[in-house]
Amino acid sequence: MDVKEGEYAVRDLSLAPKGRDMIEWARRHMPVLKVIRERFEEEKPLEGITVGMTLHLEAKTAVLVETLMAGGAEVAITGCNPLSTKDEVAAALVEEGVHVYAWRGETEEEYYENIDRVLSHEPDVIVDDGADCIVRVHERFPEIAKNVIGATEETTTGVNRLRAMAEEGVLRFPVVAVNDAMTKYLMDNRYGTGQSALDGLMRATNALIAGKNFVVAGYGWCGRGIAHRARGLGANVIVTEVDPVRALEAVFDGFRVMRMDEAAEIGDIFVTATGNRDVIRGEHMEKMKDGAILANAGHFDVEIDKEWLEENAVEKVERRGGLVTEYVLPDGRRLYLVAEGRLVNLAAGEGHPIEIMDMSFALQALSVEYLVKEGHDLEPRVYKVPEDIDRSVAETKLEAMGIEIDELTEEQRRYLSDWREGT
């Protein structure tokens with residue numbers, strides 16, 4: 001371990017050359033962030049600002065870090081998942097002058113210790129993924145919380161936690177829900193999770209998807225993406241839900257919908273994407289086929305009851321280089337848990353496609369800028385990304401793709417705004 005207290009703590013600084021190559025590849029495929037970075041370099045909107053970040057620390061995240069630094073910010077960063085950090089990227093960012101505290105395979109104690117190291121830099125703005133950092137500063141460091149201008153949150157899970165904090169009246173600074181921007185959830189959650197979850201699953205298992213009964217738990221935007229991509233690979237997709245509207249939508253999208261209790265008996269592959277806990281429980285695993293594969297695409301590793309597996313298995317074997325854990329049950333059946341039940345697209349793969357994260361991280365960069373400008377005047381609650389930021393990201397992405405769209409004529413604008421005109 002390479003550690004310089006107060007500056008960095010990473011696995012191995014000698015990995016930096018490989019990390020630089022990974023970052024360069026990502027940078028070349030993130031044109032929206034490039035536009036923002038070039039403006040930031042000229043205007044320096046973040047001069048004198050310290051940004052504390054808790055994100056999946058990999059190459060695409062590094063390009064966001066570079067963008068914030070181009071705007072004048074000092075950055076301290078750690079990972080938001082013990083298995084998603086790329087040690088090569090962490091080392092490369094240290095060379096760029098970033099305060100990095102992260103390595104793949106952290107224990108739970110080390111994970112929170114690294115969040116505390118980021119908070120020791122007393123950030124003016126927090127960029128979070130899952131809300132662990134924001135919750136930590138509220139619970140452990142109230143003296144730091146009072147000086148935070150605001151924060152951004154990347155995930156559905158994190159936004160849910162923060163809205164609960166706001167409703168209880170304990171949230172102490174404004175938070176921009178980046179996850180709820182249209183260019184985030186319509187693209188990142190649906191297309192990003194859809195592709196990357198299947199990619200991580202296939203890398204970990206080398207399993208054929210076609211012809212399998214593929215159970216998707218949850219039909220939010222992430223679940224939608226996974227279900228559609230699995231069907232595209234030839235799977236027989238089954239959806240489980242607790243929301244009647246989403247369940248009905250899944251039916252109309254052509255999927256079979258049933259209770260998990262029923263799906264457990266026929267599923268070959270199960271992927272959870274609900275943001276809730278105990279979605280697949282012991283009562284379900286008792287009914288599963290020999291060889292069933294279990295994976296999670298939700299932020300936290302609580303959707304599959306791992307404790308039940310640990311307590312009831314008579315044998316536990318690490319397979320596929322540790323990416324899959326085989327649990328042998330008393331009756332001889334084997335269940336396979338991918339990536340310890342952690343976020344499968346990053347713990348077993350490389351996360352969302354670069355072009356998707358280009359938009360999500362553009363939203364992050366612009367939301368940080370917005371908070372620096374407006375945060376002092378905002379009340380401590382959860383805010384949507386301003387519509388002009390959302391639209392600007394979409395417009396810049398279309399321009400980078402060489403796509404032009406129509407504009408409303410003046411007559412059309414008047415028609416849309418005049419309630420008197422019916423024809």
# chains A, B, ... in the order shown; residues from 1 in each chain; ligands from 1

call {"tool": "select_by_dssp", "arguments": {"residues": "segment 18-264 of chain A", "states": "alpha helix (DSSP H)", "output": "ChimeraX atom specification"}}
result
/A:18-28,31-43,59-70,87-95,108-119,132-140,142-145,156-168,182-184,193-205,221-232,244-252,260-264

call {"tool": "residues_around", "arguments": {"residues": "Glu318 of chain A", "least_positions_apart": "5", "cutoff": "10 Å", "atoms": "only C-alpha atoms", "output": "VMD selection string"}}
result
chain A and resid 323 to 327 336 to 337

call {"tool": "write_last_selection", "arguments": {"atoms": "all heavy atoms", "output": "PDB file, in the first residue's frame"}}
result
ATOM      1  N   LEU A 323     -14.802 -14.007  -8.809  1.00  0.00           N
ATOM      2  CA  LEU A 323     -15.950 -13.220  -9.263  1.00  0.00           C
ATOM      3  C   LEU A 323     -17.280 -13.902  -8.956  1.00  0.00           C
ATOM      4  O   LEU A 323     -18.323 -13.251  -8.935  1.00  0.00           O
ATOM      5  CB  LEU A 323     -15.854 -12.944 -10.769  1.00  0.00           C
ATOM      6  CG  LEU A 323     -14.814 -11.910 -11.203  1.00  0.00           C
ATOM      7  CD1 LEU A 323     -14.757 -11.833 -12.722  1.00  0.00           C
ATOM      8  CD2 LEU A 323     -15.133 -10.551 -10.602  1.00  0.00           C
ATOM      9  N   VAL A 324     -17.245 -15.200  -8.746  1.00  0.00           N
ATOM     10  CA  VAL A 324     -18.455 -15.959  -8.436  1.00  0.00           C
ATOM     11  C   VAL A 324     -18.209 -16.797  -7.179  1.00  0.00           C
ATOM     12  O   VAL A 324     -17.156 -17.427  -7.056  1.00  0.00           O
ATOM     13  CB  VAL A 324     -18.856 -16.887  -9.603  1.00  0.00           C
ATOM     14  CG1 VAL A 324     -20.092 -17.697  -9.241  1.00  0.00           C
ATOM     15  CG2 VAL A 324     -19.096 -16.079 -10.874  1.00  0.00           C
ATOM     16  N   THR A 325     -19.179 -16.776  -6.277  1.00  0.00           N
ATOM     17  CA  THR A 325     -19.109 -17.631  -5.089  1.00  0.00           C
ATOM     18  C   THR A 325     -20.151 -18.734  -5.216  1.00  0.00           C
ATOM     19  O   THR A 325     -21.330 -18.459  -5.421  1.00  0.00           O
ATOM     20  CB  THR A 325     -19.373 -16.832  -3.804  1.00  0.00           C
ATOM     21  OG1 THR A 325     -18.473 -15.722  -3.741  1.00  0.00           O
ATOM     22  CG2 THR A 325     -19.168 -17.710  -2.578  1.00  0.00           C
ATOM     23  N   GLU A 326     -19.689 -19.959  -5.115  1.00  0.00           N
ATOM     24  CA  GLU A 326     -20.572 -21.126  -5.187  1.00  0.00           C
ATOM     25  C   GLU A 326     -20.985 -21.533  -3.774  1.00  0.00           C
ATOM     26  O   GLU A 326     -20.143 -21.793  -2.916  1.00  0.00           O
ATOM     27  CB  GLU A 326     -19.853 -22.281  -5.871  1.00  0.00           C
ATOM     28  CG  GLU A 326     -20.651 -23.584  -5.947  1.00  0.00           C
ATOM     29  CD  GLU A 326     -19.842 -24.713  -6.536  1.00  0.00           C
ATOM     30  OE1 GLU A 326     -19.824 -24.828  -7.771  1.00  0.00           O
ATOM     31  OE2 GLU A 326     -19.204 -25.464  -5.765  1.00  0.00           O
ATOM     32  N   TYR A 327     -22.288 -21.567  -3.539  1.00  0.00           N
ATOM     33  CA  TYR A 327     -22.827 -22.008  -2.254  1.00  0.00           C
ATOM     34  C   TYR A 327     -23.506 -23.358  -2.448  1.00  0.00           C
ATOM     35  O   TYR A 327     -24.452 -23.476  -3.237  1.00  0.00           O
ATOM     36  CB  TYR A 327     -23.841 -20.996  -1.716  1.00  0.00           C
ATOM     37  CG  TYR A 327     -23.222 -19.692  -1.251  1.00  0.00           C
ATOM     38  CD1 TYR A 327     -23.116 -18.608  -2.122  1.00  0.00           C
ATOM     39  CD2 TYR A 327     -22.751 -19.552   0.050  1.00  0.00           C
ATOM     40  CE1 TYR A 327     -22.547 -17.410  -1.705  1.00  0.00           C
ATOM     41  CE2 TYR A 327     -22.192 -18.358   0.486  1.00  0.00           C
ATOM     42  CZ  TYR A 327     -22.090 -17.297  -0.398  1.00  0.00           C
ATOM     43  OH  TYR A 327     -21.519 -16.111   0.024  1.00  0.00           O
ATOM     44  N   TYR A 336     -25.103 -19.739  -7.337  1.00  0.00           N
ATOM     45  CA  TYR A 336     -23.906 -18.964  -7.663  1.00  0.00           C
ATOM     46  C   TYR A 336     -24.186 -17.467  -7.487  1.00  0.00           C
ATOM     47  O   TYR A 336     -25.043 -16.899  -8.172  1.00  0.00           O
ATOM     48  CB  TYR A 336     -23.471 -19.258  -9.099  1.00  0.00           C
ATOM     49  CG  TYR A 336     -23.067 -20.699  -9.300  1.00  0.00           C
ATOM     50  CD1 TYR A 336     -23.933 -21.602  -9.911  1.00  0.00           C
ATOM     51  CD2 TYR A 336     -21.835 -21.157  -8.856  1.00  0.00           C
ATOM     52  CE1 TYR A 336     -23.574 -22.936 -10.082  1.00  0.00           C
ATOM     53  CE2 TYR A 336     -21.456 -22.491  -9.016  1.00  0.00           C
ATOM     54  CZ  TYR A 336     -22.329 -23.371  -9.633  1.00  0.00           C
ATOM     55  OH  TYR A 336     -21.974 -24.684  -9.793  1.00  0.00           O
ATOM     56  N   LEU A 337     -23.462 -16.849  -6.562  1.00  0.00           N
ATOM     57  CA  LEU A 337     -23.600 -15.420  -6.295  1.00  0.00           C
ATOM     58  C   LEU A 337     -22.478 -14.669  -6.981  1.00  0.00           C
ATOM     59  O   LEU A 337     -21.293 -14.936  -6.737  1.00  0.00           O
ATOM     60  CB  LEU A 337     -23.574 -15.159  -4.787  1.00  0.00           C
ATOM     61  CG  LEU A 337     -23.722 -13.701  -4.346  1.00  0.00           C
ATOM     62  CD1 LEU A 337     -25.107 -13.162  -4.711  1.00  0.00           C
ATOM     63  CD2 LEU A 337     -23.461 -13.570  -2.851  1.00  0.00           C
TER      64      LEU A 337
END

call {"tool": "closest_residue", "arguments": {"among": "A:Gly72, A:Gly200, A:Gly79, A:Pro330", "to": "Pro45 of chain A", "atoms": "only C-alpha atoms"}}
result
A:Gly72

call {"tool": "select_by_dssp", "arguments": {"residues": "segment 169-241 of chain A", "states": "strand (DSSP E or B)", "output": "PyMOL selection string"}}
result
chain A and resi 175-177+213-217+236-240

call {"tool": "closest_atom_pairs", "arguments": {"of": "segment 273-353 of chain A", "to": "segment 126-149 of chain A", "cutoff": "12 Å", "atoms": "only C-alpha atoms", "output": "JSON lines"}}
result
{"residue": "A:Gly275", "atom": "CA", "partner": "A:Gly130", "partner_atom": "CA", "distance": 10.1}
{"residue": "A:Gly298", "atom": "CA", "partner": "A:Gly130", "partner_atom": "CA", "distance": 10.1}
{"residue": "A:His299", "atom": "CA", "partner": "A:Gly130", "partner_atom": "CA", "distance": 6.7}
{"residue": "A:Phe300", "atom": "CA", "partner": "A:Gly130", "partner_atom": "CA", "distance": 8.0}
{"residue": "A:Asp301", "atom": "CA", "partner": "A:Gly130", "partner_atom": "CA", "distance": 11.7}
{"residue": "A:Leu343", "atom": "CA", "partner": "A:Gly130", "partner_atom": "CA", "distance": 11.6}

call {"tool": "write_last_selection", "arguments": {"atoms": "N, CA and C atoms", "output": "PDB file, in the first residue's frame"}}
result
ATOM      1  N   GLY A 275     -33.257  -1.179  -5.456  1.00  0.00           N
ATOM      2  CA  GLY A 275     -32.881  -0.172  -4.469  1.00  0.00           C
ATOM      3  C   GLY A 275     -33.398  -0.494  -3.084  1.00  0.00           C
ATOM      4  N   GLY A 298     -28.350  -3.198  -8.005  1.00  0.00           N
ATOM      5  CA  GLY A 298     -28.670  -2.079  -7.133  1.00  0.00           C
ATOM      6  C   GLY A 298     -27.420  -1.572  -6.452  1.00  0.00           C
ATOM      7  N   HIS A 299     -27.488  -0.374  -5.884  1.00  0.00           N
ATOM      8  CA  HIS A 299     -26.265   0.251  -5.367  1.00  0.00           C
ATOM      9  C   HIS A 299     -25.658  -0.514  -4.195  1.00  0.00           C
ATOM     10  N   PHE A 300     -26.475  -0.955  -3.248  1.00  0.00           N
ATOM     11  CA  PHE A 300     -25.947  -1.631  -2.065  1.00  0.00           C
ATOM     12  C   PHE A 300     -26.150  -3.145  -2.158  1.00  0.00           C
ATOM     13  N   ASP A 301     -25.296  -3.883  -1.450  1.00  0.00           N
ATOM     14  CA  ASP A 301     -25.325  -5.346  -1.521  1.00  0.00           C
ATOM     15  C   ASP A 301     -26.294  -5.934  -0.504  1.00  0.00           C
ATOM     16  N   LEU A 343     -22.662  -4.374  -6.741  1.00  0.00           N
ATOM     17  CA  LEU A 343     -23.059  -3.821  -8.031  1.00  0.00           C
ATOM     18  C   LEU A 343     -22.348  -4.547  -9.168  1.00  0.00           C
TER      19      LEU A 343
END

call {"tool": "residues_around", "arguments": {"residues": "Lys184 of chain A", "least_positions_apart": "2", "cutoff": "9 Å", "atoms": "only C-alpha atoms", "output": "ChimeraX atom specification"}}
result
/A:154,178-182,186-190,356-357,359-360,363,390

call {"tool": "write_last_selection", "arguments": {"atoms": "N, CA, C and O atoms", "output": "mmCIF file, in the first residue's frame"}}
result
data_model
loop_
_atom_site.group_PDB
_atom_site.id
_atom_site.type_symbol
_atom_site.label_atom_id
_atom_site.label_comp_id
_atom_site.auth_asym_id
_atom_site.auth_seq_id
_atom_site.Cartn_x
_atom_site.Cartn_y
_atom_site.Cartn_z
ATOM 1 N N GLU A 154 -25.811 10.928 -7.288
ATOM 2 C CA GLU A 154 -25.804 10.257 -8.585
ATOM 3 C C GLU A 154 -26.865 9.170 -8.741
ATOM 4 O O GLU A 154 -27.239 8.840 -9.867
ATOM 5 N N VAL A 178 -28.887 14.664 -9.214
ATOM 6 C CA VAL A 178 -28.440 14.438 -10.589
ATOM 7 C C VAL A 178 -29.143 13.223 -11.185
ATOM 8 O O VAL A 178 -29.474 13.193 -12.372
ATOM 9 N N ASN A 179 -29.395 12.211 -10.358
ATOM 10 C CA ASN A 179 -30.064 11.005 -10.838
ATOM 11 C C ASN A 179 -31.400 11.296 -11.511
ATOM 12 O O ASN A 179 -31.820 10.577 -12.413
ATOM 13 N N ASP A 180 -32.096 12.349 -11.072
ATOM 14 C CA ASP A 180 -33.439 12.622 -11.568
ATOM 15 C C ASP A 180 -33.469 13.487 -12.830
ATOM 16 O O ASP A 180 -34.549 13.796 -13.337
ATOM 17 N N ALA A 181 -32.300 13.884 -13.329
ATOM 18 C CA ALA A 181 -32.255 14.613 -14.597
ATOM 19 C C ALA A 181 -32.628 13.664 -15.732
ATOM 20 O O ALA A 181 -32.263 12.487 -15.728
ATOM 21 N N MET A 182 -33.344 14.166 -16.717
ATOM 22 C CA MET A 182 -33.792 13.297 -17.812
ATOM 23 C C MET A 182 -32.617 12.696 -18.577
ATOM 24 O O MET A 182 -32.655 11.531 -18.972
ATOM 25 N N LEU A 186 -32.976 8.570 -18.090
ATOM 26 C CA LEU A 186 -33.426 7.993 -19.353
ATOM 27 C C LEU A 186 -32.289 7.332 -20.115
ATOM 28 O O LEU A 186 -32.516 6.435 -20.928
ATOM 29 N N MET A 187 -31.057 7.766 -19.877
ATOM 30 C CA MET A 187 -29.902 7.238 -20.608
ATOM 31 C C MET A 187 -29.047 6.334 -19.719
ATOM 32 O O MET A 187 -28.864 5.153 -19.997
ATOM 33 N N ASP A 188 -28.544 6.884 -18.625
ATOM 34 C CA ASP A 188 -27.658 6.158 -17.722
ATOM 35 C C ASP A 188 -28.362 4.960 -17.100
ATOM 36 O O ASP A 188 -27.917 3.816 -17.213
ATOM 37 N N ASN A 189 -29.489 5.207 -16.431
ATOM 38 C CA ASN A 189 -30.163 4.123 -15.716
ATOM 39 C C ASN A 189 -30.690 3.056 -16.669
ATOM 40 O O ASN A 189 -30.641 1.858 -16.372
ATOM 41 N N ARG A 190 -31.215 3.489 -17.803
ATOM 42 C CA ARG A 190 -31.815 2.529 -18.734
ATOM 43 C C ARG A 190 -30.768 1.879 -19.639
ATOM 44 O O ARG A 190 -30.557 0.667 -19.585
ATOM 45 N N ILE A 356 -22.188 7.046 -22.196
ATOM 46 C CA ILE A 356 -23.282 7.279 -21.254
ATOM 47 C C ILE A 356 -22.803 8.140 -20.097
ATOM 48 O O ILE A 356 -23.434 9.134 -19.708
ATOM 49 N N MET A 357 -21.654 7.781 -19.525
ATOM 50 C CA MET A 357 -21.134 8.538 -18.386
ATOM 51 C C MET A 357 -20.678 9.935 -18.788
ATOM 52 O O MET A 357 -20.582 10.828 -17.935
ATOM 53 N N MET A 359 -22.504 11.974 -20.369
ATOM 54 C CA MET A 359 -23.665 12.808 -20.045
ATOM 55 C C MET A 359 -23.879 12.920 -18.533
ATOM 56 O O MET A 359 -24.111 14.005 -18.001
ATOM 57 N N SER A 360 -23.797 11.802 -17.833
ATOM 58 C CA SER A 360 -24.030 11.821 -16.389
ATOM 59 C C SER A 360 -23.008 12.696 -15.677
ATOM 60 O O SER A 360 -23.355 13.477 -14.776
ATOM 61 N N LEU A 363 -23.549 16.387 -16.263
ATOM 62 C CA LEU A 363 -24.544 16.883 -15.310
ATOM 63 C C LEU A 363 -23.914 17.154 -13.956
ATOM 64 O O LEU A 363 -24.213 18.165 -13.303
ATOM 65 N N ASP A 390 -29.982 20.388 -17.973
ATOM 66 C CA ASP A 390 -30.403 19.129 -18.593
ATOM 67 C C ASP A 390 -30.450 19.258 -20.114
ATOM 68 O O ASP A 390 -29.921 18.421 -20.860
#

call {"tool": "closest_residue", "arguments": {"among": "A:Gly321, A:Val382, A:Val344, A:Val368", "to": "Ala73 of chain A", "atoms": "only C-alpha atoms"}}
result
A:Val368

call {"tool": "closest_residue", "arguments": {"among": "A:Ile304, A:Val159, A:Ile226, A:Leu15", "to": "Gly341 of chain A", "atoms": "only C-alpha atoms"}}
result
A:Ile304

call {"tool": "closest_residue", "arguments": {"among": "A:Pro174, A:Gly52, A:Gly402, A:Gly223", "to": "Pro123 of chain A", "atoms": "only C-alpha atoms"}}
result
A:Gly52

call {"tool": "residues_around", "arguments": {"residues": "segment 165-172 of chain A", "least_positions_apart": "4", "cutoff": "7 Å", "atoms": "only C-alpha atoms", "output": "PyMOL selection string"}}
result
chain A and resi 145+161+380-381

call {"tool": "closest_residue", "arguments": {"among": "A:Ala177, A:Leu408, A:Met260, A:Val314", "to": "Tyr383 of chain A", "atoms": "only C-alpha atoms"}}
result
A:Ala177

call {"tool": "residues_around", "arguments": {"residues": "Arg391 of chain A", "least_positions_apart": "2", "cutoff": "12 Å", "atoms": "only C-alpha atoms", "output": "JSON, numbers by chain"}}
result
{"A": [181, 182, 183, 184, 359, 362, 363, 366, 385, 386, 387, 388, 389, 393, 394, 395, 396, 397, 398]}

call {"tool": "atom_distance", "arguments": {"atom1": "atom CA of Ala292 of chain A", "atom2": "atom CA of Arg333 of chain A"}}
result
9.0 Å
